[in-house]
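Let me begin by presenting the structure, written as structure tokens, before commenting on it.
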Amino acid sequence: MSPASRKPLHNPRARHGYQGRACSILAVGSYVPARVLTNADLEKMVATSDEWIRTRTGIRERRLAAPDEATSDLAAHAARKALANAGLAPEAVDLIITATVTPDMPFPSTACLVQEKIGARRAAAFDVEAACSGFIYGLEIGQQFVMSRTCETVLVIGAEKLSSIVDWTDRNTCVLFGDGAGAAVLQHRPGAHGLLTTCLGADGGKGHVLCVPGGGSRLPSSVETVHRRQHFIRMDGRETFKNAVQAMYAAAREALDRCQLDIARIACIIPHQANRRIIDAVAERLGARPEQLFVNVDRYGNTSAASVAIALDEAVSSGRVQRGDLILLVVFGAGFTWGAAIIEW
Ligand code: UT7
């Protein structure tokens, strides 16, 4: 263990004189649907190649939900696993926050549908929409409820059925995305720092760069919007890439600085899994070693709000992360939105 890793943890919340309870992640869980869509499968659908997809993105395959499986179904599976790992009954949950851009329907919220599916009768429930950054936005909101003693137990879920908004004729986007869900149970854990800091940001001026233009109040669903394929994801890939690297680096740097931490002290960096090249570029700027990174983009592609939630669960369940380790989560998505969080596991 290096001398740096023995230094006591600096808690930025204490610096601001905040007296609330610390909020920890008690347990996590995730779920990915069974159907695997490989790059070879995509070669039969659009003008692409396994070689192009692997070298430009690092993705080898992604999961697709079944036609009768909606986002709330994926979310409920992940939520049940997280609660089981926490040793809690659904009735213990006070609040469910679901981050998603692919809700089952405009309303009711997916969180309400999950509440019913898992039997969390006592829980309040609402959705958060911050695209791929949604899980970290949800963590920060959930933590506020725990720190202020408004709630004992908060369930934060990131869940997406992106296959329902992907244009399967557009090779620029259809090779990138997948379906899945991850969930975290938040509580105060005596003696633990838990979520040390969360840095969130947004730039609404770049909303057009990555969006689904149709189906809302601006362009309500009509025969024309369907013909113009306006209900599918549209993205300027290069512009998104450039902004992702800059914003993820800046958010991670700010989170580390707030906690007075050197990157070497982080046991596991869990970046948004959109593109291996983005992950490597951010890691290089941060001065991180490759072995600090947790990467599963090769198996799932970009699952938006579910991305870091699934990765966190895999890092924990595989033993890659141990209690007491420091984790850096860092995300970027449509909006643009971004965020970073440092967690003492
Ligand atoms: O969650 C946050 C949101 N998403 C992201 O963070 C994704 C950010 N962007 C990216 O990951 C990358 O920009 C992409 C993977 C989307 C694209 O990679 P790129 O290296 O930026 O490629 P490009 O857009 O500059 O396209 C290069 C070429 C183009 O052909 P021309 O114009 O040079 O002839 C594209 O038409 O590659 C072509 N291309 C493809 N070729 C084969 C684009 N998609 C494909 C494809 N297969 N699937």
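The way I read the labels, and the way they are meant: chains A, B, ... in the order of the structure tokens, residue 1 as the first residue of every chain, and ligand 1 as the first ligand shown, with later ones counted on from there.
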key: Surrounding residues as a list in words, ligand 1, max 7 Å, only C-alpha atoms and all ligand atoms   = Ala47, Thr48, Ser49, Trp52, Ile53, Arg56, Thr57, Cys132, Arg171, Asn172, Thr173, Val175, Gly237, Arg238, Thr240, Phe241, Ala244, Ala274, Asn275, Asn302, Ser304, Phe332, Gly333 and Ala334 of chain A
Please write the residues from the selection above to a file, keeping N, CA, C and O atoms, as an mmCIF file, in the first residue's frame.
```cif
data_model
loop_
_atom_site.group_PDB
_atom_site.id
_atom_site.type_symbol
_atom_site.label_atom_id
_atom_site.label_comp_id
_atom_site.auth_asym_id
_atom_site.auth_seq_id
_atom_site.Cartn_x
_atom_site.Cartn_y
_atom_site.Cartn_z
ATOM 1 N N ALA A 47 -24.671 -1.733 -43.784
ATOM 2 C CA ALA A 47 -23.340 -1.799 -44.396
ATOM 3 C C ALA A 47 -22.281 -1.495 -43.341
ATOM 4 O O ALA A 47 -21.831 -0.349 -43.185
ATOM 5 N N THR A 48 -21.925 -2.508 -42.584
ATOM 6 C CA THR A 48 -20.906 -2.330 -41.546
ATOM 7 C C THR A 48 -20.066 -3.604 -41.483
ATOM 8 O O THR A 48 -20.297 -4.557 -42.221
ATOM 9 N N SER A 49 -19.070 -3.606 -40.598
ATOM 10 C CA SER A 49 -18.247 -4.805 -40.431
ATOM 11 C C SER A 49 -17.846 -4.939 -38.972
ATOM 12 O O SER A 49 -17.747 -3.938 -38.249
ATOM 13 N N TRP A 52 -14.841 -2.773 -38.303
ATOM 14 C CA TRP A 52 -15.104 -1.340 -38.113
ATOM 15 C C TRP A 52 -15.656 -1.106 -36.699
ATOM 16 O O TRP A 52 -15.189 -0.231 -35.986
ATOM 17 N N ILE A 53 -16.621 -1.898 -36.315
ATOM 18 C CA ILE A 53 -17.265 -1.662 -35.003
ATOM 19 C C ILE A 53 -16.254 -1.873 -33.877
ATOM 20 O O ILE A 53 -16.168 -1.063 -32.943
ATOM 21 N N ARG A 56 -13.449 1.007 -33.969
ATOM 22 C CA ARG A 56 -13.944 2.369 -33.702
ATOM 23 C C ARG A 56 -14.621 2.502 -32.342
ATOM 24 O O ARG A 56 -14.774 3.606 -31.837
ATOM 25 N N THR A 57 -15.128 1.371 -31.785
ATOM 26 C CA THR A 57 -15.922 1.481 -30.546
ATOM 27 C C THR A 57 -15.508 0.513 -29.446
ATOM 28 O O THR A 57 -15.819 0.744 -28.282
ATOM 29 N N CYS A 132 -27.586 9.474 -20.677
ATOM 30 C CA CYS A 132 -26.569 8.526 -20.191
ATOM 31 C C CYS A 132 -26.024 8.908 -18.820
ATOM 32 O O CYS A 132 -25.382 8.095 -18.157
ATOM 33 N N ARG A 171 -26.525 2.936 -39.894
ATOM 34 C CA ARG A 171 -25.306 2.288 -39.402
ATOM 35 C C ARG A 171 -24.502 3.186 -38.459
ATOM 36 O O ARG A 171 -23.674 2.709 -37.694
ATOM 37 N N ASN A 172 -24.730 4.516 -38.559
ATOM 38 C CA ASN A 172 -23.992 5.440 -37.691
ATOM 39 C C ASN A 172 -24.351 5.258 -36.219
ATOM 40 O O ASN A 172 -23.566 5.594 -35.344
ATOM 41 N N THR A 173 -25.572 4.782 -35.944
ATOM 42 C CA THR A 173 -26.007 4.669 -34.550
ATOM 43 C C THR A 173 -26.384 3.253 -34.119
ATOM 44 O O THR A 173 -26.179 2.892 -32.966
ATOM 45 N N VAL A 175 -25.227 0.384 -34.375
ATOM 46 C CA VAL A 175 -24.201 -0.562 -33.886
ATOM 47 C C VAL A 175 -23.781 -0.247 -32.447
ATOM 48 O O VAL A 175 -23.063 -1.029 -31.825
ATOM 49 N N GLY A 237 -21.781 11.902 -34.250
ATOM 50 C CA GLY A 237 -20.850 11.086 -33.467
ATOM 51 C C GLY A 237 -19.567 11.809 -33.097
ATOM 52 O O GLY A 237 -19.126 11.768 -31.948
ATOM 53 N N ARG A 238 -18.972 12.499 -34.085
ATOM 54 C CA ARG A 238 -17.678 13.157 -33.819
ATOM 55 C C ARG A 238 -17.805 14.249 -32.774
ATOM 56 O O ARG A 238 -16.963 14.398 -31.893
ATOM 57 N N THR A 240 -20.130 14.523 -30.493
ATOM 58 C CA THR A 240 -20.424 13.895 -29.196
ATOM 59 C C THR A 240 -19.142 13.356 -28.578
ATOM 60 O O THR A 240 -18.873 13.552 -27.384
ATOM 61 N N PHE A 241 -18.347 12.698 -29.383
ATOM 62 C CA PHE A 241 -17.081 12.107 -28.926
ATOM 63 C C PHE A 241 -16.195 13.183 -28.286
ATOM 64 O O PHE A 241 -15.705 13.026 -27.159
ATOM 65 N N ALA A 244 -17.588 14.484 -25.081
ATOM 66 C CA ALA A 244 -17.573 13.456 -24.030
ATOM 67 C C ALA A 244 -16.203 13.399 -23.356
ATOM 68 O O ALA A 244 -16.105 13.382 -22.124
ATOM 69 N N ALA A 274 -19.593 3.941 -23.551
ATOM 70 C CA ALA A 274 -20.127 4.287 -24.869
ATOM 71 C C ALA A 274 -19.166 3.862 -25.961
ATOM 72 O O ALA A 274 -19.590 3.402 -27.024
ATOM 73 N N ASN A 275 -17.868 4.038 -25.695
ATOM 74 C CA ASN A 275 -16.867 3.803 -26.725
ATOM 75 C C ASN A 275 -15.523 3.596 -26.024
ATOM 76 O O ASN A 275 -15.122 4.415 -25.201
ATOM 77 N N ASN A 302 -23.473 0.622 -25.564
ATOM 78 C CA ASN A 302 -23.891 1.770 -24.750
ATOM 79 C C ASN A 302 -25.329 1.535 -24.271
ATOM 80 O O ASN A 302 -26.257 1.526 -25.077
ATOM 81 N N SER A 304 -26.782 3.577 -22.041
ATOM 82 C CA SER A 304 -27.232 4.874 -21.529
ATOM 83 C C SER A 304 -27.290 4.878 -19.994
ATOM 84 O O SER A 304 -26.297 4.585 -19.341
ATOM 85 N N PHE A 332 -21.282 10.720 -19.330
ATOM 86 C CA PHE A 332 -21.582 11.785 -20.292
ATOM 87 C C PHE A 332 -22.754 11.340 -21.153
ATOM 88 O O PHE A 332 -22.843 10.171 -21.518
ATOM 89 N N GLY A 333 -23.650 12.275 -21.486
ATOM 90 C CA GLY A 333 -24.769 11.877 -22.341
ATOM 91 C C GLY A 333 -25.475 13.052 -22.978
ATOM 92 O O GLY A 333 -25.041 14.212 -22.891
ATOM 93 N N ALA A 334 -26.603 12.733 -23.603
ATOM 94 C CA ALA A 334 -27.394 13.735 -24.311
ATOM 95 C C ALA A 334 -27.817 14.834 -23.350
ATOM 96 O O ALA A 334 -27.953 14.630 -22.142
#
```
Contact residues around stretch 7-13 of chain A with only C-alpha atoms at 7 Å, ignoring same-chain residues under 5 positions, as a PyMOL selection string = chain A and resi 18+196-197+258-260
Just all heavy atoms for this one: save the residues we selected as a JSON list (two decimals), in the first residue's frame.
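And here's selection_11.json as it stands now:
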```json
[["chain", "number", "residue", "atom", "x", "y", "z"],
["A", 18, "TYR", "N", -21.64, 20.67, 6.27],
["A", 18, "TYR", "CA", -22.90, 19.93, 6.20],
["A", 18, "TYR", "C", -22.94, 18.86, 7.28],
["A", 18, "TYR", "O", -22.02, 18.06, 7.41],
["A", 18, "TYR", "CB", -23.08, 19.30, 4.81],
["A", 18, "TYR", "CG", -24.45, 18.73, 4.66],
["A", 18, "TYR", "CD1", -25.52, 19.58, 4.35],
["A", 18, "TYR", "CD2", -24.71, 17.39, 4.89],
["A", 18, "TYR", "CE1", -26.80, 19.08, 4.25],
["A", 18, "TYR", "CE2", -25.99, 16.89, 4.79],
["A", 18, "TYR", "CZ", -27.03, 17.74, 4.47],
["A", 18, "TYR", "OH", -28.30, 17.23, 4.37],
["A", 196, "LEU", "N", -18.79, 10.29, -1.50],
["A", 196, "LEU", "CA", -17.97, 11.41, -1.00],
["A", 196, "LEU", "C", -18.30, 12.71, -1.72],
["A", 196, "LEU", "O", -18.35, 13.76, -1.11],
["A", 196, "LEU", "CB", -16.49, 11.09, -1.21],
["A", 196, "LEU", "CG", -15.84, 10.26, -0.11],
["A", 196, "LEU", "CD1", -14.48, 9.78, -0.58],
["A", 196, "LEU", "CD2", -15.69, 11.08, 1.16],
["A", 197, "THR", "N", -18.45, 12.63, -3.02],
["A", 197, "THR", "CA", -18.82, 13.84, -3.77],
["A", 197, "THR", "C", -19.45, 13.46, -5.10],
["A", 197, "THR", "O", -19.20, 12.37, -5.63],
["A", 197, "THR", "CB", -17.60, 14.76, -4.00],
["A", 197, "THR", "OG1", -18.06, 16.07, -4.34],
["A", 197, "THR", "CG2", -16.70, 14.25, -5.12],
["A", 258, "ARG", "N", -11.92, 17.97, -5.36],
["A", 258, "ARG", "CA", -12.77, 18.24, -4.20],
["A", 258, "ARG", "C", -12.43, 17.33, -3.03],
["A", 258, "ARG", "O", -12.52, 17.71, -1.88],
["A", 258, "ARG", "CB", -14.24, 18.01, -4.56],
["A", 258, "ARG", "CG", -14.89, 19.18, -5.22],
["A", 258, "ARG", "CD", -16.39, 18.94, -5.11],
["A", 258, "ARG", "NE", -17.11, 19.60, -6.18],
["A", 258, "ARG", "CZ", -18.39, 19.38, -6.43],
["A", 258, "ARG", "NH1", -19.07, 18.52, -5.70],
["A", 258, "ARG", "NH2", -19.00, 20.03, -7.39],
["A", 259, "CYS", "N", -12.07, 16.08, -3.34],
["A", 259, "CYS", "CA", -11.75, 15.09, -2.29],
["A", 259, "CYS", "C", -10.25, 15.07, -1.98],
["A", 259, "CYS", "O", -9.80, 14.23, -1.19],
["A", 259, "CYS", "CB", -12.20, 13.70, -2.71],
["A", 259, "CYS", "SG", -13.97, 13.56, -2.95],
["A", 260, "GLN", "N", -9.49, 15.97, -2.63],
["A", 260, "GLN", "CA", -8.03, 16.03, -2.45],
["A", 260, "GLN", "C", -7.39, 14.66, -2.68],
["A", 260, "GLN", "O", -6.57, 14.20, -1.89],
["A", 260, "GLN", "CB", -7.70, 16.57, -1.05],
["A", 260, "GLN", "CG", -8.26, 17.97, -0.83],
["A", 260, "GLN", "CD", -7.98, 18.51, 0.56],
["A", 260, "GLN", "OE1", -7.28, 17.92, 1.36],
["A", 260, "GLN", "NE2", -8.55, 19.68, 0.85]]
```
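The closest residue to A:Leu256, picked from A:Ala159, A:Ser148, A:Ile269, A:Met105 and counting only C-alpha atoms, is A:Ile269.
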inquiry  = Neighbouring residues of A:Val308 were defined as those with any atom within 7 Å, considering only C-alpha atoms; residues of the same chain fewer than 5 positions away were excluded. Please report them as a PyMOL selection string.
reply    = chain A and resi 270-272
Next, the residues of the selection above should be written as a compact mmCIF listing (two decimals), in the first residue's frame with C-alpha atoms.
```txt
# COMPACT_ATOMS: atom_id res chain seq x y z
CA ILE A 270 -16.05 3.04 -13.89
CA PRO A 271 -16.64 5.28 -16.93
CA HIS A 272 -19.77 5.48 -19.05
```
Stretch 166-306 of chain A: residues DSSP assigns to alpha helix (DSSP H), reported as an NGL selection string = :A and (171-174 or 223-227 or 237-258 or 276-286 or 297-300)
request  = From stretch 60-275 of chain A, collect each residue whose DSSP state is strand (DSSP E) and return the set as a PyMOL selection string.
outcome  = chain A and resi 61-64+95-99+124-128+154-161+179-187+195-202+210-211+234-235+268-271
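Among the candidates A:Asp262, A:Glu116, A:Asp325, A:Asp94, the residue lying nearest to A:Ala76 is A:Glu116 (atoms considered: only C-alpha atoms).
Restricting the calculation to only C-alpha atoms, the smallest distance between A:Gly87 and any of A:Gly216, A:Ala131, A:Ala27, A:Gly201 is found for A:Ala27.
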query = Separation of atom CA of A:Cys112 and atom CA of A:Ala125, in Å?
reply = 5.4 Å
key: 8 Å contact set for A:Gly142, only C-alpha atoms, chain neighbours under 2 positions out, as a PyMOL selection string   = chain A and resi 97+138-140+144-146+154-156+186
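Of the listed residues (A:Cys23, A:Leu329, A:Val36, A:Cys151), A:Val36 comes nearest to A:Arg60; the distances count only C-alpha atoms.
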